[in-house]
>>> print(open('run_28.pdb').read())   # PDB, C-alpha atoms
MODEL        1
ATOM      1  CA  MET P 186      97.357 122.729  88.281  1.00  0.00           C
ATOM      2  CA  ARG P 187     100.854 122.893  86.849  1.00  0.00           C
ATOM      3  CA  LYS P 188     102.188 121.225  89.972  1.00  0.00           C
ATOM      4  CA  VAL P 189      99.703 118.425  89.557  1.00  0.00           C
ATOM      5  CA  LEU P 190     100.624 117.883  85.925  1.00  0.00           C
ATOM      6  CA  SER P 191     104.280 117.952  86.730  1.00  0.00           C
ATOM      7  CA  LEU P 192     103.982 115.432  89.514  1.00  0.00           C
ATOM      8  CA  LEU P 193     101.949 113.091  87.414  1.00  0.00           C
ATOM      9  CA  ALA P 194     104.430 113.353  84.620  1.00  0.00           C
ATOM     10  CA  THR P 195     107.224 112.298  86.929  1.00  0.00           C
ATOM     11  CA  VAL P 196     105.297 109.365  88.275  1.00  0.00           C
ATOM     12  CA  PHE P 197     104.546 108.142  84.821  1.00  0.00           C
ATOM     13  CA  ALA P 198     108.087 108.539  83.700  1.00  0.00           C
ATOM     14  CA  VAL P 199     109.022 106.017  86.337  1.00  0.00           C
ATOM     15  CA  LEU P 200     106.462 103.695  84.912  1.00  0.00           C
ATOM     16  CA  ALA P 201     107.747 104.182  81.416  1.00  0.00           C
ATOM     17  CA  LEU P 202     111.054 102.656  82.382  1.00  0.00           C
ATOM     18  CA  THR P 203     109.268  99.397  83.091  1.00  0.00           C
ATOM     19  CA  ASN P 204     107.194  99.097  79.942  1.00  0.00           C
ATOM     20  CA  GLY P 205     107.299  97.123  76.666  1.00  0.00           C
ATOM     21  CA  ALA P 206     110.532  95.774  75.306  1.00  0.00           C
ATOM     22  CA  ALA P 207     111.397  97.002  71.857  1.00  0.00           C
ATOM     23  CA  PHE P 208     115.076  96.265  72.339  1.00  0.00           C
ATOM     24  CA  ALA P 209     116.984  93.976  74.660  1.00  0.00           C
ATOM     25  CA  SER P 210     120.716  93.662  75.270  1.00  0.00           C
ATOM     26  CA  GLN P 211     121.875  90.809  77.480  1.00  0.00           C
ATOM     27  CA  SER P 212     125.075  90.061  79.325  1.00  0.00           C
ATOM     28  CA  ALA P 213     125.919  87.476  81.967  1.00  0.00           C
ATOM     29  CA  SER P 214     124.743  89.818  84.729  1.00  0.00           C
ATOM     30  CA  SER P 215     122.101  92.167  83.282  1.00  0.00           C
ATOM     31  CA  THR P 216     119.404  92.796  80.689  1.00  0.00           C
ATOM     32  CA  THR P 217     118.695  96.243  79.211  1.00  0.00           C
ATOM     33  CA  ARG P 218     115.306  97.054  77.690  1.00  0.00           C
ATOM     34  CA  ILE P 219     113.779 100.044  75.967  1.00  0.00           C
ATOM     35  CA  GLY P 220     110.082 100.406  76.747  1.00  0.00           C
ATOM     36  CA  VAL P 221     106.929 102.462  76.712  1.00  0.00           C
ATOM     37  CA  SER P 222     104.349 102.886  79.498  1.00  0.00           C
ATOM     38  CA  THR P 223     100.958 104.527  79.768  1.00  0.00           C
ATOM     39  CA  GLY P 224      98.699 105.355  82.675  1.00  0.00           C
ATOM     40  CA  SER P 225      96.469 107.719  84.552  1.00  0.00           C
ATOM     41  CA  ALA P 226      96.535 109.382  87.947  1.00  0.00           C
ATOM     42  CA  PHE P 227      95.103 111.952  90.285  1.00  0.00           C
ATOM     43  CA  ASP P 228      97.295 114.893  91.272  1.00  0.00           C
ATOM     44  CA  LEU P 229      96.465 116.523  94.595  1.00  0.00           C
ATOM     45  CA  VAL P 230      97.755 119.833  95.956  1.00  0.00           C
ATOM     46  CA  PRO P 231      97.029 119.454  99.716  1.00  0.00           C
ATOM     47  CA  VAL P 232      97.150 123.213 100.382  1.00  0.00           C
ATOM     48  CA  LEU P 233      95.519 125.384  97.722  1.00  0.00           C
ATOM     49  CA  GLY P 234      98.283 127.547  96.259  1.00  0.00           C
ATOM     50  CA  GLY P 235     100.952 125.414  97.970  1.00  0.00           C
ATOM     51  CA  SER P 236     104.193 124.205  96.434  1.00  0.00           C
ATOM     52  CA  THR P 237     103.939 120.479  97.292  1.00  0.00           C
ATOM     53  CA  PHE P 238     101.830 117.825  95.606  1.00  0.00           C
ATOM     54  CA  ILE P 239     100.912 114.140  95.784  1.00  0.00           C
ATOM     55  CA  VAL P 240     100.247 111.956  92.755  1.00  0.00           C
ATOM     56  CA  ALA P 241      98.709 108.480  92.769  1.00  0.00           C
ATOM     57  CA  GLY P 242      97.505 106.241  89.970  1.00  0.00           C
ATOM     58  CA  THR P 243      97.815 103.169  87.801  1.00  0.00           C
ATOM     59  CA  VAL P 244     100.229 102.254  85.037  1.00  0.00           C
ATOM     60  CA  HIS P 245     100.452  99.530  82.405  1.00  0.00           C
ATOM     61  CA  SER P 246     103.800  98.029  81.446  1.00  0.00           C
ATOM     62  CA  SER P 247     104.017  95.434  78.674  1.00  0.00           C
ATOM     63  CA  LEU P 248     107.048  93.934  80.462  1.00  0.00           C
ATOM     64  CA  PHE P 249     105.838  93.937  84.073  1.00  0.00           C
ATOM     65  CA  GLY P 250     102.043  94.154  83.773  1.00  0.00           C
ATOM     66  CA  ASN P 251      99.820  96.496  85.717  1.00  0.00           C
ATOM     67  CA  GLY P 252     101.017  98.510  88.665  1.00  0.00           C
ATOM     68  CA  THR P 253     100.123 101.286  91.065  1.00  0.00           C
ATOM     69  CA  PHE P 254     102.240 104.259  92.091  1.00  0.00           C
ATOM     70  CA  LEU P 255     102.465 106.999  94.674  1.00  0.00           C
ATOM     71  CA  GLY P 256     104.623 110.091  94.393  1.00  0.00           C
ATOM     72  CA  GLU P 257     105.455 113.272  96.243  1.00  0.00           C
ATOM     73  CA  GLY P 258     106.783 116.400  94.627  1.00  0.00           C
ATOM     74  CA  SER P 259     107.566 120.078  95.008  1.00  0.00           C
ATOM     75  CA  GLN P 260     107.274 123.038  92.690  1.00  0.00           C
ATOM     76  CA  THR P 261     110.816 124.463  92.509  1.00  0.00           C
ATOM     77  CA  GLY P 262     110.185 127.410  90.192  1.00  0.00           C
ATOM     78  CA  ALA P 263     107.519 129.047  88.072  1.00  0.00           C
ATOM     79  CA  THR P 264     107.555 126.132  85.593  1.00  0.00           C
ATOM     80  CA  SER P 265     109.836 123.556  87.261  1.00  0.00           C
ATOM     81  CA  PHE P 266     109.303 120.773  89.802  1.00  0.00           C
ATOM     82  CA  THR P 267     110.876 117.654  91.298  1.00  0.00           C
ATOM     83  CA  VAL P 268     109.139 114.385  92.167  1.00  0.00           C
ATOM     84  CA  THR P 269     109.938 111.018  93.755  1.00  0.00           C
ATOM     85  CA  THR P 270     107.689 108.054  92.945  1.00  0.00           C
ATOM     86  CA  VAL P 271     107.404 104.448  94.076  1.00  0.00           C
ATOM     87  CA  THR P 272     105.691 102.046  91.669  1.00  0.00           C
ATOM     88  CA  VAL P 273     104.469  98.656  92.881  1.00  0.00           C
ATOM     89  CA  PHE P 274     104.373  95.739  90.439  1.00  0.00           C
ATOM     90  CA  LYS P 275     103.679  92.045  91.086  1.00  0.00           C
ATOM     91  CA  HIS P 276     107.384  91.181  91.426  1.00  0.00           C
ATOM     92  CA  GLY P 277     108.774  94.251  93.207  1.00  0.00           C
ATOM     93  CA  THR P 278     108.867  98.018  93.609  1.00  0.00           C
ATOM     94  CA  LEU P 279     110.675 100.638  91.548  1.00  0.00           C
ATOM     95  CA  THR P 280     111.719 104.037  92.947  1.00  0.00           C
ATOM     96  CA  GLN P 281     112.510 107.008  90.694  1.00  0.00           C
ATOM     97  CA  THR P 282     113.345 110.673  91.100  1.00  0.00           C
ATOM     98  CA  GLY P 283     112.596 113.216  88.417  1.00  0.00           C
ATOM     99  CA  ALA P 284     112.954 116.800  87.324  1.00  0.00           C
ATOM    100  CA  GLY P 285     109.998 118.214  85.431  1.00  0.00           C
ATOM    101  CA  THR P 286     108.980 121.230  83.419  1.00  0.00           C
ATOM    102  CA  ASN P 287     105.485 122.552  82.789  1.00  0.00           C
ATOM    103  CA  THR P 288     105.644 122.864  78.997  1.00  0.00           C
ATOM    104  CA  GLY P 289     102.303 124.590  78.451  1.00  0.00           C
ATOM    105  CA  GLN P 290      98.832 124.892  79.868  1.00  0.00           C
ATOM    106  CA  ASN P 291      97.978 121.414  81.243  1.00  0.00           C
ATOM    107  CA  THR P 292     101.120 119.714  79.835  1.00  0.00           C
ATOM    108  CA  ALA P 293     104.414 118.688  81.435  1.00  0.00           C
ATOM    109  CA  THR P 294     107.580 116.710  80.672  1.00  0.00           C
ATOM    110  CA  VAL P 295     109.576 114.825  83.324  1.00  0.00           C
ATOM    111  CA  LEU P 296     113.089 113.322  83.099  1.00  0.00           C
ATOM    112  CA  ASP P 297     113.311 110.423  85.592  1.00  0.00           C
ATOM    113  CA  THR P 298     116.162 108.340  86.968  1.00  0.00           C
ATOM    114  CA  ILE P 299     115.811 104.978  88.728  1.00  0.00           C
ATOM    115  CA  VAL P 300     117.263 105.275  92.238  1.00  0.00           C
ATOM    116  CA  GLY P 301     116.189 101.987  93.836  1.00  0.00           C
ATOM    117  CA  GLY P 302     114.055  98.911  93.744  1.00  0.00           C
ATOM    118  CA  THR P 303     113.079  95.666  95.427  1.00  0.00           C
ATOM    119  CA  GLY P 304     112.419  92.165  94.124  1.00  0.00           C
ATOM    120  CA  GLU P 305     112.882  91.986  90.350  1.00  0.00           C
ATOM    121  CA  PHE P 306     114.007  95.646  90.403  1.00  0.00           C
ATOM    122  CA  ALA P 307     116.777  95.278  93.017  1.00  0.00           C
ATOM    123  CA  GLY P 308     119.913  96.855  91.538  1.00  0.00           C
ATOM    124  CA  ALA P 309     118.048  98.243  88.496  1.00  0.00           C
ATOM    125  CA  THR P 310     119.296 101.360  86.715  1.00  0.00           C
ATOM    126  CA  GLY P 311     117.810 103.477  83.968  1.00  0.00           C
ATOM    127  CA  SER P 312     116.065 106.662  82.928  1.00  0.00           C
ATOM    128  CA  SER P 313     112.943 107.794  81.101  1.00  0.00           C
ATOM    129  CA  THR P 314     111.109 110.759  79.633  1.00  0.00           C
ATOM    130  CA  LEU P 315     107.456 111.182  80.511  1.00  0.00           C
ATOM    131  CA  VAL P 316     104.884 113.475  78.899  1.00  0.00           C
ATOM    132  CA  SER P 317     101.566 114.233  80.603  1.00  0.00           C
ATOM    133  CA  ILE P 318      98.308 116.003  79.900  1.00  0.00           C
ATOM    134  CA  SER P 319      96.076 117.056  82.778  1.00  0.00           C
ATOM    135  CA  SER P 320      92.414 117.908  83.060  1.00  0.00           C
ATOM    136  CA  PRO P 321      90.960 120.035  85.846  1.00  0.00           C
ATOM    137  CA  THR P 322      88.140 118.783  88.052  1.00  0.00           C
ATOM    138  CA  SER P 323      85.483 120.669  90.006  1.00  0.00           C
ATOM    139  CA  ASN P 324      87.912 120.565  92.974  1.00  0.00           C
ATOM    140  CA  PRO P 325      90.658 123.209  92.422  1.00  0.00           C
ATOM    141  CA  GLN P 326      93.131 121.049  94.386  1.00  0.00           C
ATOM    142  CA  LEU P 327      92.632 117.900  92.230  1.00  0.00           C
ATOM    143  CA  THR P 328      93.644 117.205  88.614  1.00  0.00           C
ATOM    144  CA  VAL P 329      93.248 114.088  86.451  1.00  0.00           C
ATOM    145  CA  VAL P 330      96.415 113.180  84.519  1.00  0.00           C
ATOM    146  CA  GLN P 331      97.053 110.940  81.493  1.00  0.00           C
ATOM    147  CA  PHE P 332     100.634 110.102  80.560  1.00  0.00           C
ATOM    148  CA  ALA P 333     103.013 108.193  78.306  1.00  0.00           C
ATOM    149  CA  ALA P 334     106.707 107.522  78.872  1.00  0.00           C
ATOM    150  CA  VAL P 335     109.680 106.078  76.991  1.00  0.00           C
ATOM    151  CA  GLY P 336     112.867 104.924  78.656  1.00  0.00           C
ATOM    152  CA  THR P 337     115.467 102.273  79.351  1.00  0.00           C
ATOM    153  CA  ILE P 338     115.846  99.954  82.309  1.00  0.00           C
ATOM    154  CA  THR P 339     118.716  97.610  83.067  1.00  0.00           C
ATOM    155  CA  LEU P 340     117.798  94.713  85.357  1.00  0.00           C
ATOM    156  CA  ALA P 341     120.490  92.897  87.290  1.00  0.00           C
ATOM    157  CA  HIS P 342     120.298  89.102  87.199  1.00  0.00           C
TER     158      HIS P 342
ENDMDL
END
>>> encode(input="run_28.pdb", output="structure tokens")
Amino acid sequence: MRKVLSLLATVFAVLALTNGAAFASQSASSTTRIGVSTGSAFDLVPVLGGSTFIVAGTVHSSLFGNGTFLGEGSQTGATSFTVTTVTVFKHGTLTQTGAGTNTGQNTATVLDTIVGGTGEFAGATGSSTLVSISSPTSNPQLTVVQFAAVGTITLAH
């Protein structure tokens, strides 16, 4: 369950980088924004007791609208994990990698970094912090995750 929460947290951190603009700084070649994102996902551990996980869900960004994401991660320690997510928005995709920590029962925090993108996100840079809460289901390999993230994204023009 911790793996599921951690993976979801990472995925949502990626989404957080693309959310609402509270601050914008512009230059001739880029725009930097601080934003917040929210969403939900399913976290699946393909092999019960395994160290890998898959997370998939939806996100809402006030800057880029609604999107979907898919991520893959690995538990790297008793309370630590890594995750890579790809989020698809109307005008491009955003790829992030993250390092997460299970911070308590059914909670996790993920620190994400943008590592690639297409379309509007080509050449983007940034980072975010995502916090997630998970709820178990009747299937021990599946968890439902809710998340919120805050971060910055710099878009190249």
>>> residues_around(input="run_28.pdb", residues="P:Thr286", least_positions_apart="6", cutoff="7 Å", atoms="all atoms listed in the file", output="list of chain:residue names")
P:Ser191, P:Thr264, P:Ser265, P:Phe266, P:Ala293, P:Thr294, P:Val295
>>> atom_distance(input="run_28.pdb", atom1="atom CA of P:Ala226", atom2="atom CA of P:Thr292")
13.9 Å
>>> resolve_selection(input="run_28.pdb", expression="the PyMOL selection byres ((chain P and resi 337) around 8)", output="PyMOL selection string")
chain P and resi 202-203+217-220+311-313+335-336+338-339
>>> closest_residue(input="run_28.pdb", among="P:Ser319, P:Gln290, P:Ser215, P:Asn251", to="P:Thr272", atoms="only C-alpha atoms")
P:Asn251
>>> axis_aligned_box(input="run_28.pdb", around="stretch 286-292 of chain P", padding_each_side="5 Å", output="lines of an AutoDock Vina configuration file")
center_x = 103.5
center_y = 122.3
center_z = 80.9
size_x = 21.0
size_y = 15.2
size_z = 15.0
>>> residues_near_point(input="run_28.pdb", point="(113.7, 93.2, 92.6)", cutoff="12 Å", atoms="only C-alpha atoms", output="JSON, numbers by chain")
{"P": [249, 272, 273, 274, 275, 276, 277, 278, 279, 280, 301, 302, 303, 304, 305, 306, 307, 308, 309, 310, 339, 340, 341, 342]}
>>> atom_distance(input="run_28.pdb", atom1="atom CA of P:Pro321", atom2="atom CA of P:Gly250")
28.2 Å
>>> atom_distance(input="run_28.pdb", atom1="atom CA of P:Gly256", atom2="atom CA of P:Ile299")
13.5 Å
>>> build_atoms(input="run_28.pdb", residues="stretch 216-227 of chain P", atoms="all heavy atoms", output="PDB file, in the coordinates of the input")
ATOM      1  N   THR P 216     120.188  92.682  81.902  1.00  0.00           N
ATOM      2  CA  THR P 216     119.404  92.796  80.689  1.00  0.00           C
ATOM      3  C   THR P 216     118.913  94.236  80.585  1.00  0.00           C
ATOM      4  O   THR P 216     118.337  94.753  81.535  1.00  0.00           O
ATOM      5  CB  THR P 216     118.183  91.854  80.714  1.00  0.00           C
ATOM      6  OG1 THR P 216     118.630  90.518  80.864  1.00  0.00           O
ATOM      7  CG2 THR P 216     117.362  91.979  79.448  1.00  0.00           C
ATOM      8  N   THR P 217     119.146  94.869  79.424  1.00  0.00           N
ATOM      9  CA  THR P 217     118.695  96.243  79.211  1.00  0.00           C
ATOM     10  C   THR P 217     117.544  96.221  78.224  1.00  0.00           C
ATOM     11  O   THR P 217     117.612  95.546  77.200  1.00  0.00           O
ATOM     12  CB  THR P 217     119.832  97.123  78.665  1.00  0.00           C
ATOM     13  OG1 THR P 217     120.898  97.141  79.599  1.00  0.00           O
ATOM     14  CG2 THR P 217     119.340  98.542  78.406  1.00  0.00           C
ATOM     15  N   ARG P 218     116.480  96.983  78.554  1.00  0.00           N
ATOM     16  CA  ARG P 218     115.306  97.054  77.690  1.00  0.00           C
ATOM     17  C   ARG P 218     114.896  98.503  77.471  1.00  0.00           C
ATOM     18  O   ARG P 218     115.001  99.319  78.374  1.00  0.00           O
ATOM     19  CB  ARG P 218     114.145  96.298  78.320  1.00  0.00           C
ATOM     20  CG  ARG P 218     114.398  94.809  78.411  1.00  0.00           C
ATOM     21  CD  ARG P 218     113.145  94.110  78.901  1.00  0.00           C
ATOM     22  NE  ARG P 218     113.322  92.676  78.858  1.00  0.00           N
ATOM     23  CZ  ARG P 218     113.605  91.931  79.911  1.00  0.00           C
ATOM     24  NH1 ARG P 218     113.739  92.486  81.089  1.00  0.00           N
ATOM     25  NH2 ARG P 218     113.744  90.631  79.794  1.00  0.00           N
ATOM     26  N   ILE P 219     114.390  98.764  76.281  1.00  0.00           N
ATOM     27  CA  ILE P 219     113.779 100.044  75.967  1.00  0.00           C
ATOM     28  C   ILE P 219     112.276  99.806  75.977  1.00  0.00           C
ATOM     29  O   ILE P 219     111.801  98.838  75.385  1.00  0.00           O
ATOM     30  CB  ILE P 219     114.220 100.566  74.589  1.00  0.00           C
ATOM     31  CG1 ILE P 219     115.722 100.821  74.583  1.00  0.00           C
ATOM     32  CG2 ILE P 219     113.444 101.834  74.228  1.00  0.00           C
ATOM     33  CD1 ILE P 219     116.272 101.184  73.228  1.00  0.00           C
ATOM     34  N   GLY P 220     111.511 100.649  76.652  1.00  0.00           N
ATOM     35  CA  GLY P 220     110.082 100.406  76.747  1.00  0.00           C
ATOM     36  C   GLY P 220     109.245 101.654  76.757  1.00  0.00           C
ATOM     37  O   GLY P 220     109.747 102.769  76.811  1.00  0.00           O
ATOM     38  N   VAL P 221     107.923 101.403  76.693  1.00  0.00           N
ATOM     39  CA  VAL P 221     106.929 102.462  76.712  1.00  0.00           C
ATOM     40  C   VAL P 221     105.877 102.095  77.744  1.00  0.00           C
ATOM     41  O   VAL P 221     105.493 100.942  77.864  1.00  0.00           O
ATOM     42  CB  VAL P 221     106.264 102.626  75.334  1.00  0.00           C
ATOM     43  CG1 VAL P 221     105.176 103.669  75.374  1.00  0.00           C
ATOM     44  CG2 VAL P 221     107.306 102.951  74.279  1.00  0.00           C
ATOM     45  N   SER P 222     105.405 103.094  78.512  1.00  0.00           N
ATOM     46  CA  SER P 222     104.349 102.886  79.498  1.00  0.00           C
ATOM     47  C   SER P 222     103.271 103.936  79.334  1.00  0.00           C
ATOM     48  O   SER P 222     103.532 105.034  78.855  1.00  0.00           O
ATOM     49  CB  SER P 222     104.901 102.987  80.926  1.00  0.00           C
ATOM     50  OG  SER P 222     105.797 101.955  81.191  1.00  0.00           O
ATOM     51  N   THR P 223     102.065 103.582  79.771  1.00  0.00           N
ATOM     52  CA  THR P 223     100.958 104.527  79.768  1.00  0.00           C
ATOM     53  C   THR P 223     100.207 104.400  81.080  1.00  0.00           C
ATOM     54  O   THR P 223     100.287 103.374  81.757  1.00  0.00           O
ATOM     55  CB  THR P 223      99.985 104.259  78.610  1.00  0.00           C
ATOM     56  OG1 THR P 223      99.484 102.921  78.734  1.00  0.00           O
ATOM     57  CG2 THR P 223     100.659 104.438  77.258  1.00  0.00           C
ATOM     58  N   GLY P 224      99.473 105.427  81.451  1.00  0.00           N
ATOM     59  CA  GLY P 224      98.699 105.355  82.675  1.00  0.00           C
ATOM     60  C   GLY P 224      97.894 106.598  82.943  1.00  0.00           C
ATOM     61  O   GLY P 224      97.838 107.518  82.126  1.00  0.00           O
ATOM     62  N   SER P 225      97.262 106.578  84.117  1.00  0.00           N
ATOM     63  CA  SER P 225      96.469 107.719  84.552  1.00  0.00           C
ATOM     64  C   SER P 225      96.634 107.892  86.049  1.00  0.00           C
ATOM     65  O   SER P 225      97.017 106.954  86.755  1.00  0.00           O
ATOM     66  CB  SER P 225      95.001 107.532  84.192  1.00  0.00           C
ATOM     67  OG  SER P 225      94.496 106.383  84.841  1.00  0.00           O
ATOM     68  N   ALA P 226      96.332 109.097  86.532  1.00  0.00           N
ATOM     69  CA  ALA P 226      96.535 109.382  87.947  1.00  0.00           C
ATOM     70  C   ALA P 226      95.700 110.574  88.377  1.00  0.00           C
ATOM     71  O   ALA P 226      95.133 111.295  87.549  1.00  0.00           O
ATOM     72  CB  ALA P 226      98.006 109.675  88.220  1.00  0.00           C
ATOM     73  N   PHE P 227      95.652 110.747  89.681  1.00  0.00           N
ATOM     74  CA  PHE P 227      95.103 111.952  90.285  1.00  0.00           C
ATOM     75  C   PHE P 227      96.267 112.716  90.883  1.00  0.00           C
ATOM     76  O   PHE P 227      97.155 112.124  91.491  1.00  0.00           O
ATOM     77  CB  PHE P 227      94.097 111.621  91.391  1.00  0.00           C
ATOM     78  CG  PHE P 227      92.805 111.081  90.870  1.00  0.00           C
ATOM     79  CD1 PHE P 227      92.539 109.730  90.910  1.00  0.00           C
ATOM     80  CD2 PHE P 227      91.861 111.934  90.321  1.00  0.00           C
ATOM     81  CE1 PHE P 227      91.354 109.226  90.424  1.00  0.00           C
ATOM     82  CE2 PHE P 227      90.671 111.445  89.827  1.00  0.00           C
ATOM     83  CZ  PHE P 227      90.410 110.086  89.877  1.00  0.00           C
TER      84      PHE P 227
END
